[in-house]
Amino acid sequence: MRIAIASGKGGTGKSTVAANLAWALSRSRDVTLVDCDVEEPNLHLFFPAPATDVPVTTPNPEIDAARCTLCGECGKFCRFGALAVVKDCVLTFPHLCHSCGGCTLVCPHGAIREVPRTIGRVSCSRPLSRLVLISGVLNEGEVQAPAVIRAAKVLAEGHPLTLYDASPGTSCPVIETIAGSDACILVTESTPFGLHDLSLAAEVAEKLGTPAGVVINRSNGQDEATVAFCREHGLPVLMTIPFSREIAAVQNRGGLISRDLPGWEERFAGLFRAIPGVSP
Ligand code: SF4
Ligand code: SF4
């Protein structure tokens, strides 16, 4: 089973929920936690352990100047500005390339070939006997976050229970993370901004056909608007985590409430059982 944990905005506690859920579940079963927030992966901070890195490469065009006639077709085709045909050569801008392969196809003279370029890495560790952590890491300045996410997800294939921690927002990396998941946990907080961004994230899950439920984090007890939204959109509220000094203290020192506070391991196990499509 593959479960994505997402939120429409940053700072809702999405990664904290993912880490706590992973820890609680790993007490009784094998769990693989995949950090798909590849621009700012942080789950390794909860689960420090020696890791093995695998580079992630994407194909980029390389021009054969001997064959190139400067016809300009490749420059006209590229929608990302990654190629420019100038007076006496073709300039390439690898960081802008999205590896679509189109320029190679349209070149009438076979003057372009694809060569691999490293854009990031996937880091794999086993911090607990029943927990595997896979973290995607995009190199600074690179744009192809989805490629690193795909590589991280491929490494987790075949694992019985996988949790994907998405990046915040609703852009391509989030879609790449949720796509193919069996269910999605949407983490929100009880503020007007939180509700607005929850509505965007819920729309993404709905468009992808992924059953979703909601965790209200840092609840101030005034969740009526969020609960009403969830009811209206058929989203079960899976768990409410109160705004509390005790919880904040654990999290501020990088701890996990499912491990460090009594009762929370069982509550996170209950969250898992409440996810749409999960059989107890
Ligand atoms: S592979 Fe696609 S994105 Fe990259 S340079 Fe060629 S046309 Fe542009
Ligand atoms: S399409 Fe091929 S031949 Fe034409 S400018 Fe580009 S690399 Fe050169």
# chains A, B, ... in the order shown; residues from 1 in each chain; ligands from 1
$ select_by_dssp --residues "segment 67-243 of chain A" --states "strand (DSSP E)" --output "PyMOL selection string"
chain A and resi 83-85+90-92+112-128+131-138+162-165+183-189+212-219+237-242
$ residues_near_ligand --ligand "ligand 2" --cutoff "10 Å" --atoms "only C-alpha atoms and all ligand atoms" --output "ChimeraX atom specification"
/A:61-77,83-86,88-91,103-113
$ write_last_selection --atoms "N, CA and C atoms" --output "JSON list (two decimals), in the first residue's frame"
[["chain", "number", "residue", "atom", "x", "y", "z"],
["A", 61, "PRO", "N", 20.85, 17.03, -24.12],
["A", 61, "PRO", "CA", 21.38, 17.02, -25.49],
["A", 61, "PRO", "C", 22.85, 17.43, -25.54],
["A", 62, "GLU", "N", 23.57, 16.74, -26.44],
["A", 62, "GLU", "CA", 24.95, 17.14, -26.75],
["A", 62, "GLU", "C", 25.03, 17.32, -28.26],
["A", 63, "ILE", "N", 25.58, 18.44, -28.69],
["A", 63, "ILE", "CA", 25.58, 18.78, -30.11],
["A", 63, "ILE", "C", 26.88, 18.30, -30.77],
["A", 64, "ASP", "N", 26.72, 17.65, -31.92],
["A", 64, "ASP", "CA", 27.88, 17.27, -32.73],
["A", 64, "ASP", "C", 28.10, 18.38, -33.76],
["A", 65, "ALA", "N", 29.07, 19.24, -33.49],
["A", 65, "ALA", "CA", 29.29, 20.43, -34.33],
["A", 65, "ALA", "C", 29.62, 20.04, -35.77],
["A", 66, "ALA", "N", 30.22, 18.86, -35.95],
["A", 66, "ALA", "CA", 30.60, 18.45, -37.31],
["A", 66, "ALA", "C", 29.36, 18.16, -38.18],
["A", 67, "ARG", "N", 28.28, 17.75, -37.53],
["A", 67, "ARG", "CA", 27.06, 17.43, -38.29],
["A", 67, "ARG", "C", 26.07, 18.59, -38.35],
["A", 68, "CYS", "N", 26.18, 19.47, -37.38],
["A", 68, "CYS", "CA", 25.18, 20.54, -37.25],
["A", 68, "CYS", "C", 25.30, 21.55, -38.41],
["A", 69, "THR", "N", 24.17, 21.87, -39.02],
["A", 69, "THR", "CA", 24.15, 22.86, -40.12],
["A", 69, "THR", "C", 23.60, 24.20, -39.66],
["A", 70, "LEU", "N", 23.33, 24.30, -38.36],
["A", 70, "LEU", "CA", 22.76, 25.53, -37.77],
["A", 70, "LEU", "C", 21.39, 25.85, -38.38],
["A", 71, "CYS", "N", 20.63, 24.79, -38.68],
["A", 71, "CYS", "CA", 19.32, 25.00, -39.31],
["A", 71, "CYS", "C", 18.31, 25.67, -38.37],
["A", 72, "GLY", "N", 18.53, 25.54, -37.07],
["A", 72, "GLY", "CA", 17.67, 26.23, -36.10],
["A", 72, "GLY", "C", 16.47, 25.44, -35.61],
["A", 73, "GLU", "N", 16.25, 24.23, -36.15],
["A", 73, "GLU", "CA", 15.05, 23.46, -35.77],
["A", 73, "GLU", "C", 15.00, 23.14, -34.27],
["A", 74, "CYS", "N", 16.13, 22.79, -33.69],
["A", 74, "CYS", "CA", 16.13, 22.42, -32.27],
["A", 74, "CYS", "C", 15.76, 23.62, -31.39],
["A", 75, "GLY", "N", 16.32, 24.78, -31.72],
["A", 75, "GLY", "CA", 16.02, 25.99, -30.94],
["A", 75, "GLY", "C", 14.56, 26.37, -31.03],
["A", 76, "LYS", "N", 13.97, 26.19, -32.23],
["A", 76, "LYS", "CA", 12.55, 26.52, -32.40],
["A", 76, "LYS", "C", 11.68, 25.55, -31.60],
["A", 77, "PHE", "N", 12.13, 24.29, -31.50],
["A", 77, "PHE", "CA", 11.31, 23.29, -30.83],
["A", 77, "PHE", "C", 11.31, 23.45, -29.31],
["A", 83, "LEU", "N", 18.04, 25.58, -25.42],
["A", 83, "LEU", "CA", 18.91, 25.54, -26.61],
["A", 83, "LEU", "C", 18.79, 26.88, -27.32],
["A", 84, "ALA", "N", 19.90, 27.41, -27.81],
["A", 84, "ALA", "CA", 19.83, 28.63, -28.61],
["A", 84, "ALA", "C", 20.80, 28.47, -29.78],
["A", 85, "VAL", "N", 20.25, 28.62, -30.99],
["A", 85, "VAL", "CA", 21.10, 28.51, -32.18],
["A", 85, "VAL", "C", 21.57, 29.91, -32.52],
["A", 86, "VAL", "N", 22.87, 30.15, -32.40],
["A", 86, "VAL", "CA", 23.42, 31.48, -32.69],
["A", 86, "VAL", "C", 24.25, 31.40, -33.98],
["A", 88, "ASP", "N", 27.27, 30.91, -35.03],
["A", 88, "ASP", "CA", 28.21, 29.86, -35.43],
["A", 88, "ASP", "C", 28.19, 28.61, -34.55],
["A", 89, "CYS", "N", 27.18, 28.50, -33.69],
["A", 89, "CYS", "CA", 27.09, 27.28, -32.87],
["A", 89, "CYS", "C", 25.70, 27.17, -32.23],
["A", 90, "VAL", "N", 25.48, 26.04, -31.57],
["A", 90, "VAL", "CA", 24.26, 25.85, -30.77],
["A", 90, "VAL", "C", 24.65, 25.90, -29.30],
["A", 91, "LEU", "N", 24.07, 26.85, -28.57],
["A", 91, "LEU", "CA", 24.36, 26.94, -27.14],
["A", 91, "LEU", "C", 23.37, 26.07, -26.38],
["A", 103, "CYS", "N", 14.35, 17.67, -29.02],
["A", 103, "CYS", "CA", 15.35, 18.25, -29.92],
["A", 103, "CYS", "C", 16.08, 17.16, -30.69],
["A", 104, "THR", "N", 16.35, 16.05, -30.03],
["A", 104, "THR", "CA", 17.02, 14.94, -30.71],
["A", 104, "THR", "C", 16.16, 14.42, -31.85],
["A", 105, "LEU", "N", 14.85, 14.38, -31.61],
["A", 105, "LEU", "CA", 13.94, 13.86, -32.63],
["A", 105, "LEU", "C", 13.80, 14.81, -33.81],
["A", 106, "VAL", "N", 13.78, 16.12, -33.54],
["A", 106, "VAL", "CA", 13.51, 17.05, -34.65],
["A", 106, "VAL", "C", 14.77, 17.41, -35.46],
["A", 107, "CYS", "N", 15.93, 17.12, -34.93],
["A", 107, "CYS", "CA", 17.16, 17.47, -35.66],
["A", 107, "CYS", "C", 17.21, 16.67, -36.97],
["A", 108, "PRO", "N", 17.20, 17.34, -38.11],
["A", 108, "PRO", "CA", 17.17, 16.60, -39.39],
["A", 108, "PRO", "C", 18.52, 16.01, -39.77],
["A", 109, "HIS", "N", 19.56, 16.32, -39.03],
["A", 109, "HIS", "CA", 20.90, 15.88, -39.44],
["A", 109, "HIS", "C", 21.55, 14.93, -38.41],
["A", 110, "GLY", "N", 20.78, 14.46, -37.47],
["A", 110, "GLY", "CA", 21.33, 13.53, -36.48],
["A", 110, "GLY", "C", 22.50, 14.12, -35.72],
["A", 111, "ALA", "N", 22.42, 15.43, -35.45],
["A", 111, "ALA", "CA", 23.56, 16.11, -34.82],
["A", 111, "ALA", "C", 23.43, 16.19, -33.29],
["A", 112, "ILE", "N", 22.33, 15.62, -32.76],
["A", 112, "ILE", "CA", 22.14, 15.69, -31.30],
["A", 112, "ILE", "C", 22.08, 14.28, -30.73],
["A", 113, "ARG", "N", 22.83, 14.05, -29.67],
["A", 113, "ARG", "CA", 22.70, 12.79, -28.94],
["A", 113, "ARG", "C", 22.49, 13.13, -27.47]]
$ select_by_dssp --residues "segment 94-127 of chain A" --states "helix (DSSP H, G or I)" --output "mmCIF file with N, CA and C atoms, in the first residue's frame"
data_model
loop_
_atom_site.group_PDB
_atom_site.id
_atom_site.type_symbol
_atom_site.label_atom_id
_atom_site.label_comp_id
_atom_site.auth_asym_id
_atom_site.auth_seq_id
_atom_site.Cartn_x
_atom_site.Cartn_y
_atom_site.Cartn_z
ATOM 1 N N PRO A 94 22.002 23.428 -19.830
ATOM 2 C CA PRO A 94 21.558 22.151 -19.226
ATOM 3 C C PRO A 94 20.600 22.324 -18.048
ATOM 4 N N HIS A 95 20.767 23.379 -17.239
ATOM 5 C CA HIS A 95 19.902 23.523 -16.064
ATOM 6 C C HIS A 95 18.452 23.835 -16.447
ATOM 7 N N LEU A 96 18.245 24.298 -17.697
ATOM 8 C CA LEU A 96 16.877 24.592 -18.125
ATOM 9 C C LEU A 96 16.231 23.413 -18.851
ATOM 10 N N GLY A 102 12.849 15.948 -27.309
ATOM 11 C CA GLY A 102 12.292 16.469 -28.559
ATOM 12 C C GLY A 102 13.335 16.989 -29.526
ATOM 13 N N CYS A 103 14.348 17.670 -29.016
ATOM 14 C CA CYS A 103 15.348 18.253 -29.924
ATOM 15 C C CYS A 103 16.078 17.159 -30.692
ATOM 16 N N THR A 104 16.346 16.054 -30.028
ATOM 17 C CA THR A 104 17.024 14.939 -30.706
ATOM 18 C C THR A 104 16.157 14.422 -31.851
ATOM 19 N N LEU A 105 14.850 14.379 -31.606
ATOM 20 C CA LEU A 105 13.941 13.864 -32.632
ATOM 21 C C LEU A 105 13.802 14.812 -33.812
ATOM 22 N N VAL A 106 13.783 16.124 -33.536
ATOM 23 C CA VAL A 106 13.514 17.052 -34.648
ATOM 24 C C VAL A 106 14.766 17.407 -35.459
#
$ residues_around --residues "Trp264 of chain A" --least-positions-apart "6" --cutoff "10 Å" --atoms "only C-alpha atoms" --output "number ranges by chain"
A: 20-21, 24, 241, 256-258, 270
$ residues_around --residues "Thr177 of chain A" --least-positions-apart "5" --cutoff "9 Å" --atoms "only C-alpha atoms" --output "ChimeraX atom specification"
/A:4-6,36-37,146,149-150,153,164-167,172
$ residues_around --residues "Glu39 of chain A" --least-positions-apart "4" --cutoff "10 Å" --atoms "only C-alpha atoms" --output "list in words"
Gly120, Gly136, Val137, Leu138, Asn139, Glu140, Gly141, Glu142, Val143, Ala145, Val148, Ser167 and Pro173 of chain A
$ write_last_selection --atoms "C-alpha atoms" --output "PDB file, in the first residue's frame"
ATOM      1  CA  GLY A 120      20.510  14.832  -7.649  1.00  0.00           C
ATOM      2  CA  GLY A 136      15.287  12.252  -2.763  1.00  0.00           C
ATOM      3  CA  VAL A 137      17.729  15.164  -2.952  1.00  0.00           C
ATOM      4  CA  LEU A 138      17.675  17.615  -5.878  1.00  0.00           C
ATOM      5  CA  ASN A 139      20.956  19.422  -6.550  1.00  0.00           C
ATOM      6  CA  GLU A 140      20.869  23.177  -6.040  1.00  0.00           C
ATOM      7  CA  GLY A 141      19.821  25.096  -9.159  1.00  0.00           C
ATOM      8  CA  GLU A 142      18.221  22.093 -10.857  1.00  0.00           C
ATOM      9  CA  VAL A 143      14.578  22.175 -12.005  1.00  0.00           C
ATOM     10  CA  ALA A 145      12.302  17.686  -9.076  1.00  0.00           C
ATOM     11  CA  VAL A 148      14.300  12.737  -8.505  1.00  0.00           C
ATOM     12  CA  SER A 167       6.605  18.788  -0.900  1.00  0.00           C
ATOM     13  CA  PRO A 173       6.351  17.632  -7.584  1.00  0.00           C
TER      14      PRO A 173
END
$ closest_residue --among "A:Arg126, A:Arg273, A:His196, A:Arg253" --to "Ala49 of chain A" --atoms "only C-alpha atoms"
A:Arg126
$ residues_around --residues "Ala152 of chain A" --least-positions-apart "5" --cutoff "7 Å" --atoms "only C-alpha atoms" --output "PDB file with C-alpha atoms, in the first residue's frame"
ATOM      1  CA  VAL A  34      10.058   8.209   1.146  1.00  0.00           C
ATOM      2  CA  VAL A 122      18.532   9.200  -3.724  1.00  0.00           C
ATOM      3  CA  ILE A 134      14.561   6.841   1.182  1.00  0.00           C
ATOM      4  CA  SER A 135      15.279  10.540   0.612  1.00  0.00           C
ATOM      5  CA  GLY A 136      15.287  12.252  -2.763  1.00  0.00           C
TER       6      GLY A 136
END
$ closest_residue --among "A:Pro48, A:Gly101, A:Ser28, A:Val56" --to "ligand 1" --atoms "only C-alpha atoms and all ligand atoms"
A:Gly101
$ residues_around --residues "Ala51 of chain A" --least-positions-apart "4" --cutoff "8 Å" --atoms "only C-alpha atoms" --output "PDB file with C-alpha atoms, in the first residue's frame"
ATOM      1  CA  SER A 123      19.756   8.419  -0.245  1.00  0.00           C
ATOM      2  CA  CYS A 124      18.765   5.136   1.406  1.00  0.00           C
ATOM      3  CA  SER A 125      19.139   4.128   5.076  1.00  0.00           C
ATOM      4  CA  ARG A 126      17.645   1.801   7.701  1.00  0.00           C
TER       5      ARG A 126
END
